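All remarks here apply to the structure that follows.
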Amino acid sequence: MDPSRWFEAHFHHVRPRVIAALSRRFGDLDIAEEAFATACMKAVASWPDQGRPDEPVAWLIRAGSNAVLDAKRREATAGKYRDSVITDIDEGRQIDTDKLNIDSDELRDDVLRLLFVCCHRDLSVENQLALALKVVAGMRVAEIAAAFLVKEKAMERRITRAKKVVRDAAVPFETPSPAERLQRLKSVSLMLYLLFNEGWYASAGETALKQPLCEEAIRLARELLHLFPAISELMGLLALMLFHYAKRKARLDDKQQLLSLDEQNRQLWDRAQIGEAQSLMQKAQRHRTPSPYQIQAAIAAVHASAAHSRDTDWAEIRRLYDALLGFEPSPVIALNRAVATSRIDGPAAALLELDTLAARLVDYRWFHSLTAGLLSELSRPEEAIAAFDRALALGPTEPERQHMLGKIEELKKMR
């Protein structure tokens, strides 16, 4: 693997733990992000010659902490702080590599603390999610904007405002009380859902599947369920993630191109994870409190229970999407319902459903790629190519782009 790509992948994987620890230590999200960036640059400069450390997370926390302390000392020396502050900085100016003990449990809890900070009640739900995806998941502003269907500049302003609210409110970087946890739980759950989706349905980049993001979302969902073991919505959320992630080995071909459910080798699906997800679903259903994540998990369960694509119960899937629309009348959910309609009533009926969503999903590339696929089934190559071109203009991942270009070449032969 290209060393630069290895570093990028590794830094993305450890980011939540390092940022969380630095945020707790210094109480500032911007400082934590800057310290992490500095630590990463130091790692790139030193690891190739000195070798990767045994504890890379601890190394990065240490390097980031020392960078912050050095910067504060320089500012203090320049007269920005009182002498007493300089003394405090001197006392903890450098952290010895061999003497820093990082408690793994504390490090794990740091990420949850940071999630709850990002989902503080002083922030709107939209700003909570945007901040968490930027700070915890490390998504680029453009990627977050695409996930929220807004312009990049607008998202950048939203994240900046959110950081200012946290800073001005002096939000403590500590685990909130049980009552406060419950208040923020819905926002944290939604953030984890979006985090997993960004890993599973990558909004941009050279890969269609970001496994570290998926695994981090699953890990954090397990932690939340451990904290709140009686909340059926969390059971549904974790089950949903597991149902999807169980398909990871079958989702891409040898050339890292996306495979549809129809094309996947279902023998590669992780049956142990599917079994765990099914157990979680059964436990959640006993609570008799249906919720959006449970319904989405039920849809995934229908797919998982079909031995072959032709055995899929599309009528049940459409019924479940109707139930989900009752909770969340989202155009994206309606888009997914149209897929079920295409399997039951044919592509023409599905296109009629898509016509009602066009204005709201004009900047959503999966709307255009689904439209193109339906038009292809109806042998309307010119319109299908135009729809694929619109999807390509909306920044697909490289595997998606290659997949669509291949479809366009096939359509040109139909002219």
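Letters for chains follow the order of the structure tokens (A, B, ...), residue numbers begin at 1 for each chain, and ligand numbers begin at 1 in the order shown.
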
Show me, as a list in words, the residues that have an atom within 6 Å of segment 131-141 of chain A when counting only C-alpha atoms, minus same-chain residues fewer than 3 positions from it.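 The contact residues come out as Pro16, Cys118, Asn127, Gln128, Ile144 and Ile159 of chain A.
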
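Every protein or nucleic acid residue with an atom no more than 12 Å from Ala358 of chain A, counting only C-alpha atoms and leaving out same-chain residues fewer than 5 positions away, appears here: Pro331, Val332, Ala334, Leu335, Leu351, Leu352, Glu353, Asp363, Tyr364, Arg365, Trp366, Phe367, His368, Leu370, Thr371 and Ala387 of chain A.
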
Selection from above, C-alpha atoms, as a PDB file, in the first residue's frame, can you write it?
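As a result, selection-v7.pdb now contains:
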ATOM      1  CA  PRO A 331     -37.918  11.832   0.608  1.00  0.00           C
ATOM      2  CA  VAL A 332     -34.945   9.466   0.978  1.00  0.00           C
ATOM      3  CA  ALA A 334     -39.722   7.351  -0.129  1.00  0.00           C
ATOM      4  CA  LEU A 335     -36.882   6.818  -2.628  1.00  0.00           C
ATOM      5  CA  LEU A 351     -40.643   6.132 -11.906  1.00  0.00           C
ATOM      6  CA  LEU A 352     -44.042   7.667 -11.150  1.00  0.00           C
ATOM      7  CA  GLU A 353     -43.137   7.613  -7.471  1.00  0.00           C
ATOM      8  CA  ASP A 363     -28.851  17.233  -5.413  1.00  0.00           C
ATOM      9  CA  TYR A 364     -28.991  13.618  -4.226  1.00  0.00           C
ATOM     10  CA  ARG A 365     -26.906  11.439  -6.512  1.00  0.00           C
ATOM     11  CA  TRP A 366     -28.633   8.169  -5.579  1.00  0.00           C
ATOM     12  CA  PHE A 367     -31.923   9.617  -6.831  1.00  0.00           C
ATOM     13  CA  HIS A 368     -30.410  10.085 -10.270  1.00  0.00           C
ATOM     14  CA  LEU A 370     -31.860   4.925  -9.355  1.00  0.00           C
ATOM     15  CA  THR A 371     -33.738   6.879 -12.023  1.00  0.00           C
ATOM     16  CA  ALA A 387     -29.635  10.611 -15.453  1.00  0.00           C
TER      17      ALA A 387
END

For the contact check between segment 242-269 of chain A and segment 210-221 of chain A, emit one row per residue of segment 242-269 of chain A within 9 Å, containing the shortest atom pair and the distance in Å rounded to one decimal, counting only C-alpha atoms, chain then rising number order, as a Markdown table.
| residue | atom | partner | partner_atom | distance |
| --- | --- | --- | --- | --- |
| A:Leu242 | CA | A:Ile218 | CA | 7.6 |
| A:Tyr245 | CA | A:Cys214 | CA | 7.5 |
| A:Arg248 | CA | A:Gln211 | CA | 8.5 |

Report the distance between atom CA of Gln402 of chain A and atom CA of Gln257 of chain A in Å, rounded to one decimal place. 7.5 Å

Kindly provide the residues of segment 265-321 of chain A that approach segment 327-330 of chain A to within 12 Å, each paired with its closest atom pair and their distance in Å to one decimal, based on only C-alpha atoms, listed by chain and increasing number, as a Markdown table.
| residue | atom | partner | partner_atom | distance |
| --- | --- | --- | --- | --- |
| A:Pro290 | CA | A:Phe327 | CA | 9.7 |
| A:Ser291 | CA | A:Phe327 | CA | 7.5 |
| A:Pro292 | CA | A:Phe327 | CA | 6.5 |
| A:Tyr293 | CA | A:Phe327 | CA | 10.3 |
| A:Gln294 | CA | A:Phe327 | CA | 11.3 |
| A:Ile295 | CA | A:Phe327 | CA | 9.7 |
| A:Gln296 | CA | A:Phe327 | CA | 11.3 |
| A:Leu320 | CA | A:Phe327 | CA | 11.0 |
| A:Tyr321 | CA | A:Phe327 | CA | 9.9 |

Taken to one decimal, the atom CA of Tyr193 of chain A-atom CA of Trp6 of chain A distance is 26.0 Å

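Closest approach to Val166 of chain A among A:Ser23, A:Thr38, A:Asn336, A:Gln285 is made by A:Ser23 (distances from only C-alpha atoms).
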
One-decimal distance in Å that lies between atom CA of Asp28 of chain A and atom CA of Ile61 of chain A: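 Separating atom CA of Ile61 of chain A from atom CA of Asp28 of chain A is a distance of 14.6 Å.
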
So which residues touch Ala301 of chain A within 12 Å, counting only C-alpha atoms, skipping near sequence neighbours fewer than 2 positions away, as number ranges by chain? A: 236, 239-244, 246-247, 271, 273-282, 294-299, 303-307, 312-313, 316-317, 320

Selection: 9 Å around Ala372 of chain A, only C-alpha atoms, excl. self and same-chain fewer than 3 positions, as an NGL selection string: :A and (367-369 or 375-377 or 381 or 383-388 or 391)

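With distances restricted to only C-alpha atoms, A:Ala20 is the closest residue to Val111 of chain A from A:Asp30, A:Ala20, A:Ala170, A:Met155.
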